[in-house]
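J.: File follows, start.pdb with PDB, C-alpha atoms:
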ATOM      1  CA  MET A   1     102.634  74.751  60.658
ATOM      2  CA  LYS A   2     106.055  75.537  59.149
ATOM      3  CA  LYS A   3     105.140  79.232  58.940
ATOM      4  CA  ALA A   4     104.073  79.279  62.611
ATOM      5  CA  LEU A   5     107.282  77.505  63.616
ATOM      6  CA  SER A   6     109.361  79.979  61.604
ATOM      7  CA  ILE A   7     107.617  82.928  63.253
ATOM      8  CA  ALA A   8     108.173  81.367  66.696
ATOM      9  CA  LEU A   9     111.873  80.799  65.971
ATOM     10  CA  ILE A  10     112.295  84.365  64.731
ATOM     11  CA  GLY A  11     110.536  85.699  67.816
ATOM     12  CA  PHE A  12     112.699  83.567  70.101
ATOM     13  CA  SER A  13     115.890  84.702  68.389
ATOM     14  CA  VAL A  14     114.861  88.369  68.725
ATOM     15  CA  PHE A  15     114.023  87.850  72.397
ATOM     16  CA  ALA A  16     117.277  85.990  73.055
ATOM     17  CA  SER A  17     119.395  88.650  71.357
ATOM     18  CA  ALA A  18     117.665  91.536  73.164
ATOM     19  CA  GLN A  19     119.676  93.210  75.891
ATOM     20  CA  ILE A  20     117.435  92.187  78.774
ATOM     21  CA  SER A  21     118.697  93.400  82.161
ATOM     22  CA  LEU A  22     117.876  92.288  85.713
ATOM     23  CA  ALA A  23     118.378  94.619  88.661
ATOM     24  CA  GLY A  24     117.850  94.648  92.396
ATOM     25  CA  LYS A  25     116.204  97.833  93.689
ATOM     26  CA  ALA A  26     115.474  99.430  97.067
ATOM     27  CA  ASN A  27     113.442 102.590  97.688
ATOM     28  CA  LEU A  28     112.460 104.905 100.512
ATOM     29  CA  ILE A  29     108.695 105.551 100.549
ATOM     30  CA  PHE A  30     106.910 108.722 101.644
ATOM     31  CA  PRO A  31     103.077 108.663 101.814
ATOM     32  CA  THR A  32     101.946 111.954 100.266
ATOM     33  CA  GLY A  33      99.099 113.703  98.489
ATOM     34  CA  SER A  34      99.073 115.116  94.968
ATOM     35  CA  PRO A  35     102.193 114.683  92.787
ATOM     36  CA  SER A  36     103.143 118.381  92.955
ATOM     37  CA  TRP A  37     106.745 119.246  93.807
ATOM     38  CA  LYS A  38     105.609 121.466  96.731
ATOM     39  CA  ASN A  39     103.519 118.665  98.235
ATOM     40  CA  ILE A  40     106.202 115.977  97.810
ATOM     41  CA  LYS A  41     108.941 118.266  99.182
ATOM     42  CA  GLY A  42     106.825 119.064 102.251
ATOM     43  CA  THR A  43     106.080 115.397 102.882
ATOM     44  CA  VAL A  44     109.752 114.410 102.673
ATOM     45  CA  ASN A  45     110.796 117.282 104.964
ATOM     46  CA  GLU A  46     108.189 116.318 107.567
ATOM     47  CA  ALA A  47     109.247 112.675 107.492
ATOM     48  CA  VAL A  48     112.947 113.583 107.882
ATOM     49  CA  GLU A  49     112.236 116.011 110.730
ATOM     50  CA  GLY A  50     109.869 113.573 112.436
ATOM     51  CA  SER A  51     107.055 116.122 112.632
ATOM     52  CA  GLY A  52     104.638 114.593 110.165
ATOM     53  CA  LYS A  53     101.789 112.153 110.757
ATOM     54  CA  ASN A  54     102.966 109.957 107.889
ATOM     55  CA  ASN A  55     106.023 107.754 108.266
ATOM     56  CA  ALA A  56     108.710 106.866 105.769
ATOM     57  CA  GLY A  57     108.653 103.244 104.612
ATOM     58  CA  PHE A  58     110.675 101.143 102.228
ATOM     59  CA  ASN A  59     110.506  98.490  99.532
ATOM     60  CA  VAL A  60     112.987  96.016  98.071
ATOM     61  CA  GLY A  61     112.694  93.834  94.999
ATOM     62  CA  LEU A  62     113.695  92.868  91.499
ATOM     63  CA  SER A  63     113.240  94.698  88.205
ATOM     64  CA  LEU A  64     113.422  93.287  84.679
ATOM     65  CA  LYS A  65     113.953  95.646  81.733
ATOM     66  CA  VAL A  66     113.038  94.263  78.304
ATOM     67  CA  PRO A  67     113.743  96.383  75.179
ATOM     68  CA  LEU A  68     110.940  96.882  72.642
ATOM     69  CA  PRO A  69     111.155  98.283  69.109
ATOM     70  CA  GLY A  70     112.350 101.858  68.910
ATOM     71  CA  ALA A  71     113.182 103.530  72.207
ATOM     72  CA  LEU A  72     110.449 101.718  74.160
ATOM     73  CA  TYR A  73     110.882  99.099  76.870
ATOM     74  CA  VAL A  74     108.701  97.142  79.298
ATOM     75  CA  MET A  75     109.733  96.854  82.942
ATOM     76  CA  PRO A  76     107.932  94.273  85.120
ATOM     77  CA  GLU A  77     108.950  94.428  88.792
ATOM     78  CA  LEU A  78     108.251  92.621  92.063
ATOM     79  CA  TYR A  79     108.637  94.308  95.473
ATOM     80  CA  TYR A  80     108.073  93.705  99.149
ATOM     81  CA  THR A  81     106.716  97.032 100.418
ATOM     82  CA  HIS A  82     106.250  98.336 103.981
ATOM     83  CA  PHE A  83     104.872 101.670 105.206
ATOM     84  CA  LYS A  84     102.243 103.002 107.597
ATOM     85  CA  ASN A  85      99.788 105.880 107.540
ATOM     86  CA  GLU A  86      98.209 107.601 110.556
ATOM     87  CA  PHE A  87      94.392 107.816 110.663
ATOM     88  CA  THR A  88      92.699 109.739 113.518
ATOM     89  CA  THR A  89      89.054 109.722 114.643
ATOM     90  CA  GLU A  90      87.343 111.305 117.664
ATOM     91  CA  SER A  91      87.905 108.177 119.746
ATOM     92  CA  THR A  92      91.334 106.852 118.787
ATOM     93  CA  THR A  93      94.321 106.997 116.452
ATOM     94  CA  PHE A  94      95.090 104.143 114.070
ATOM     95  CA  ASP A  95      98.540 103.435 112.619
ATOM     96  CA  ILE A  96      97.449 101.707 109.431
ATOM     97  CA  LYS A  97     100.227  99.288 108.490
ATOM     98  CA  SER A  98     100.747  98.095 104.940
ATOM     99  CA  ASN A  99     102.986  95.106 104.252
ATOM    100  CA  ARG A 100     102.441  94.335 100.576
ATOM    101  CA  MET A 101     103.679  92.439  97.592
ATOM    102  CA  ASP A 102     103.650  94.890  94.693
ATOM    103  CA  LEU A 103     103.749  93.973  91.002
ATOM    104  CA  PRO A 104     104.243  97.027  88.743
ATOM    105  CA  VAL A 105     104.214  96.458  84.970
ATOM    106  CA  LEU A 106     105.665  99.626  83.465
ATOM    107  CA  LEU A 107     106.014 100.841  79.894
ATOM    108  CA  GLY A 108     109.089 103.025  79.449
ATOM    109  CA  TYR A 109     110.734 105.305  76.920
ATOM    110  CA  ASN A 110     114.483 105.878  76.654
ATOM    111  CA  VAL A 111     115.010 109.628  76.500
ATOM    112  CA  LEU A 112     118.817 109.499  76.356
ATOM    113  CA  GLY A 113     119.649 106.017  75.101
ATOM    114  CA  ASN A 114     119.855 103.596  78.034
ATOM    115  CA  THR A 115     121.033 106.371  80.363
ATOM    116  CA  LEU A 116     117.756 108.166  81.112
ATOM    117  CA  GLY A 117     114.287 106.689  80.831
ATOM    118  CA  VAL A 118     110.753 107.600  81.850
ATOM    119  CA  PHE A 119     107.986 105.092  82.580
ATOM    120  CA  VAL A 120     104.313 104.685  83.466
ATOM    121  CA  GLY A 121     102.004 101.750  84.180
ATOM    122  CA  PRO A 122      99.721  99.893  86.590
ATOM    123  CA  VAL A 123     100.728  98.267  89.883
ATOM    124  CA  ALA A 124      98.834  95.418  91.571
ATOM    125  CA  SER A 125      99.243  95.053  95.347
ATOM    126  CA  TYR A 126      98.425  92.254  97.785
ATOM    127  CA  ASN A 127      98.352  93.199 101.472
ATOM    128  CA  LEU A 128     100.221  90.769 103.750
ATOM    129  CA  SER A 129      99.542  92.655 107.019
ATOM    130  CA  LYS A 130      97.903  90.830 109.909
ATOM    131  CA  GLU A 131      94.772  92.262 111.505
ATOM    132  CA  ASP A 132      95.761  94.859 114.121
ATOM    133  CA  THR A 133      94.330  96.050 117.450
ATOM    134  CA  PHE A 134      94.214  99.739 118.446
ATOM    135  CA  ASN A 135      93.082 100.446 122.023
ATOM    136  CA  ASP A 136      89.601  98.856 122.143
ATOM    137  CA  PHE A 137      89.334  98.493 118.364
ATOM    138  CA  LYS A 138      90.144  95.348 116.415
ATOM    139  CA  GLU A 139      90.561  95.182 112.668
ATOM    140  CA  ASN A 140      88.276  92.435 111.375
ATOM    141  CA  SER A 141      88.288  92.691 107.581
ATOM    142  CA  ARG A 142      90.064  94.340 104.661
ATOM    143  CA  ASP A 143      90.375  94.356 100.891
ATOM    144  CA  ASN A 144      93.701  92.558 100.470
ATOM    145  CA  PHE A 145      93.983  93.233  96.731
ATOM    146  CA  THR A 146      94.225  96.803  95.422
ATOM    147  CA  VAL A 147      95.324  98.413  92.158
ATOM    148  CA  GLY A 148      97.212 101.641  91.524
ATOM    149  CA  TYR A 149      99.439 103.317  88.963
ATOM    150  CA  GLN A 150     103.027 104.572  88.879
ATOM    151  CA  PHE A 151     105.017 107.013  86.792
ATOM    152  CA  GLY A 152     108.587 108.175  87.135
ATOM    153  CA  ALA A 153     112.108 108.224  85.743
ATOM    154  CA  GLN A 154     115.366 106.366  86.211
ATOM    155  CA  LEU A 155     118.990 107.193  85.510
ATOM    156  CA  GLU A 156     121.456 104.398  84.703
ATOM    157  CA  ILE A 157     125.180 104.979  85.295
ATOM    158  CA  LYS A 158     126.924 101.758  84.280
ATOM    159  CA  LYS A 159     125.482  99.213  86.745
ATOM    160  CA  LEU A 160     124.056 101.802  89.166
ATOM    161  CA  ILE A 161     120.410 102.900  88.868
ATOM    162  CA  LEU A 162     118.882 106.015  90.430
ATOM    163  CA  ASN A 163     115.096 106.218  90.276
ATOM    164  CA  ALA A 164     112.177 108.299  91.507
ATOM    165  CA  ARG A 165     108.479 107.586  91.054
ATOM    166  CA  TYR A 166     104.991 108.545  92.184
ATOM    167  CA  GLU A 167     102.223 106.056  92.958
ATOM    168  CA  GLY A 168      98.514 106.852  92.895
ATOM    169  CA  ALA A 169      95.448 104.678  93.465
ATOM    170  CA  PHE A 170      92.750 103.199  91.235
ATOM    171  CA  SER A 171      91.113 101.301  94.127
ATOM    172  CA  LYS A 172      90.963 101.926  97.882
ATOM    173  CA  ASP A 173      92.447  99.971 100.774
ATOM    174  CA  SER A 174      89.186  99.391 102.719
ATOM    175  CA  ARG A 175      89.292  98.103 106.318
ATOM    176  CA  ASN A 176      86.782  97.777 109.167
ATOM    177  CA  PHE A 177      87.642  98.397 112.826
ATOM    178  CA  ILE A 178      85.209  97.160 115.507
ATOM    179  CA  ASN A 179      85.160  98.419 119.114
ATOM    180  CA  LYS A 180      85.317  95.277 121.252
ATOM    181  CA  VAL A 181      83.309  96.942 124.049
ATOM    182  CA  SER A 182      80.660  99.095 122.377
ATOM    183  CA  GLY A 183      80.504  97.428 118.972
ATOM    184  CA  GLU A 184      81.147 100.778 117.244
ATOM    185  CA  GLU A 185      82.415 100.264 113.689
ATOM    186  CA  ILE A 186      84.852 102.560 111.903
ATOM    187  CA  ARG A 187      85.587 102.109 108.217
ATOM    188  CA  TYR A 188      88.924 103.113 106.694
ATOM    189  CA  ASP A 189      88.831 103.744 102.942
ATOM    190  CA  ASN A 190      92.170 104.854 101.618
ATOM    191  CA  ARG A 191      95.209 103.864  99.612
ATOM    192  CA  PRO A 192      97.823 106.570 100.294
ATOM    193  CA  ASN A 193      99.596 108.100  97.347
ATOM    194  CA  LEU A 194     103.333 107.427  97.584
ATOM    195  CA  PHE A 195     106.538 109.141  96.524
ATOM    196  CA  MET A 196     109.503 106.754  96.147
ATOM    197  CA  VAL A 197     113.175 107.411  95.607
ATOM    198  CA  GLY A 198     115.926 104.817  95.607
ATOM    199  CA  LEU A 199     118.858 102.924  94.188
ATOM    200  CA  GLY A 200     119.294  99.841  92.044
ATOM    201  CA  TYR A 201     122.113  97.613  90.826
ATOM    202  CA  LYS A 202     122.146  95.740  87.514
ATOM    203  CA  PHE A 203     123.384  92.162  87.724
TER     204      PHE A 203
END
Just give me the structure as structure tokens.

T.:
Amino acid sequence: MKKALSIALIGFSVFASAQISLAGKANLIFPTGSPSWKNIKGTVNEAVEGSGKNNAGFNVGLSLKVPLPGALYVMPELYYTHFKNEFTTESTTFDIKSNRMDLPVLLGYNVLGNTLGVFVGPVASYNLSKEDTFNDFKENSRDNFTVGYQFGAQLEIKKLILNARYEGAFSKDSRNFINKVSGEEIRYDNRPNLFMVGLGYKF
């Protein structure tokens, strides 16, 4: 019992003395394909020029950075995320809206002290969007919970944080759309890959 208590006290003292930081972050989001520079650059250019089918979105949230032994750190985050992705069939066009709560849990490595770090890890998402109607089609079901992954880098300049990351999917965002007149059913199976770039501020 005394040994367990001693270990707990030592662990608490290490945790308390660690330089844990809390930051607010906001990002622009660009639905994209593969994480190649050519693909991401094209997606961003199309979104800025207004000529692309995908639309820029955003997210805002909080990020906690907890140092680990060596140059490692863990970075749990919580975001509200909004974006939409265009999906076209022979009969109609759907603007698939995603309003999500995202929970990334990222493992990072400090490349240049606390100034530059890289990170990777899973992200769990819960879709908050209401069921939508498109022409004669009504959305009647979806998989609200999906899982993806993120990797990226962040630069810290005093209290300012610059970050960029890519998000891919482990599971799909599956939705059914039913034609209210004919009963035709269209299934949407996708979770768009995302490129995010944004700013943060350490409190």

J.: With a distance cut-off of 10 Å and all atoms listed in the file, select the neighbouring residues of Met196 in chain A, excluding the residue or stretch itself and same-chain residues fewer than 3 positions from it, and output the selection as a list in words.

T.: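 The neighbour list is Ala26, Asn27, Leu28, Ile29, Phe30, Pro31, Ile40, Ala56, Gly57, Phe58, Asn59, Gln150, Gly152, Asn163, Ala164, Arg165, Tyr166 and Glu167 of chain A.
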
J.: Between A:Ser21, A:Thr93, A:Asn176, A:Asn193, which one has atoms that come closest to Glu77 in chain A, using only C-alpha atoms?

T.: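 When distances to Glu77 in chain A are compared using only C-alpha atoms, the smallest one comes from A:Ser21.
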
J.: Starting from the PyMOL selection byres ((chain A and resi 158) around 10), expand the selection into actual residues of this file and give them as JSON, numbers by chain.

T.: {"A": [114, 115, 155, 156, 157, 159, 160, 161, 201, 202]}

J.: Counting all atoms listed in the file, figure out which residue out of A:Val123, A:Leu199, A:Ile20, A:Ala71 gets nearest to Val105 in chain A.

T.: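 Of A:Val123, A:Leu199, A:Ile20, A:Ala71, the one nearest Val105 in chain A, counting all atoms listed in the file, is A:Val123.
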
J.: Find, counting all atoms listed in the file, the residue in A:Leu78, A:Ala169, A:Leu72, A:Val197 that gets nearest to Gly113 in chain A.

T.: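 Residue with the minimum atom-to-atom distance to Gly113 in chain A: A:Leu72.
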
J.: Mind listing whatever residues come within 10 Å of the point (98.9, 97.6, 84.2)? Use all atoms listed in the file, file coordinates, and give them as a ChimeraX atom specification.

T.: /A:76,103-107,120-124,147-150

J.: Rounded to one decimal in Å, what is the spacing between CA of His82 in chain A and CA of Ile178 in chain A?

T.: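 Straight-line distance from CA of His82 in chain A to CA of Ile178 in chain A works out to 24.0 Å.
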
J.: Using CA of Met101 in chain A and CA of Tyr79 in chain A as the two end points, give the distance in Å to one decimal.

T.: 5.7 Å

J.: Can you tell me how far CA of Leu162 in chain A sits from CA of Gly198 in chain A, in Å to one decimal?

T.: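 Separation of CA of Leu162 in chain A and CA of Gly198 in chain A: 6.1 Å.
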
J.: With distances taken over only C-alpha atoms, which residue among A:Phe195, A:Tyr80, A:Phe145, A:Phe87 lies nearest Thr32 in chain A?

T.: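 The shortest atom-to-atom distance to Thr32 in chain A comes from A:Phe195.
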
J.: Please identify all polymer residues within 8 Å of Tyr73 in chain A, counting all atoms listed in the file, omitting same-chain residues fewer than 3 positions from it, and present them as a list in words.

T.: Lys65, Val66, Pro67, Leu68, Pro69, Leu107, Gly108, Tyr109 and Asn110 of chain A

J.: Calculate, to one decimal in Å, the centre and edge lengths of the box along x, y and z of the file that holds all listed atoms of range 102-120 of chain A with 5 Å of margin on each side, and present them as AutoDock Vina command-line options.

T.:
--center_x 112.3 --center_y 101.8 --center_z 84.9 --size_x 27.4 --size_y 25.7 --size_z 29.6
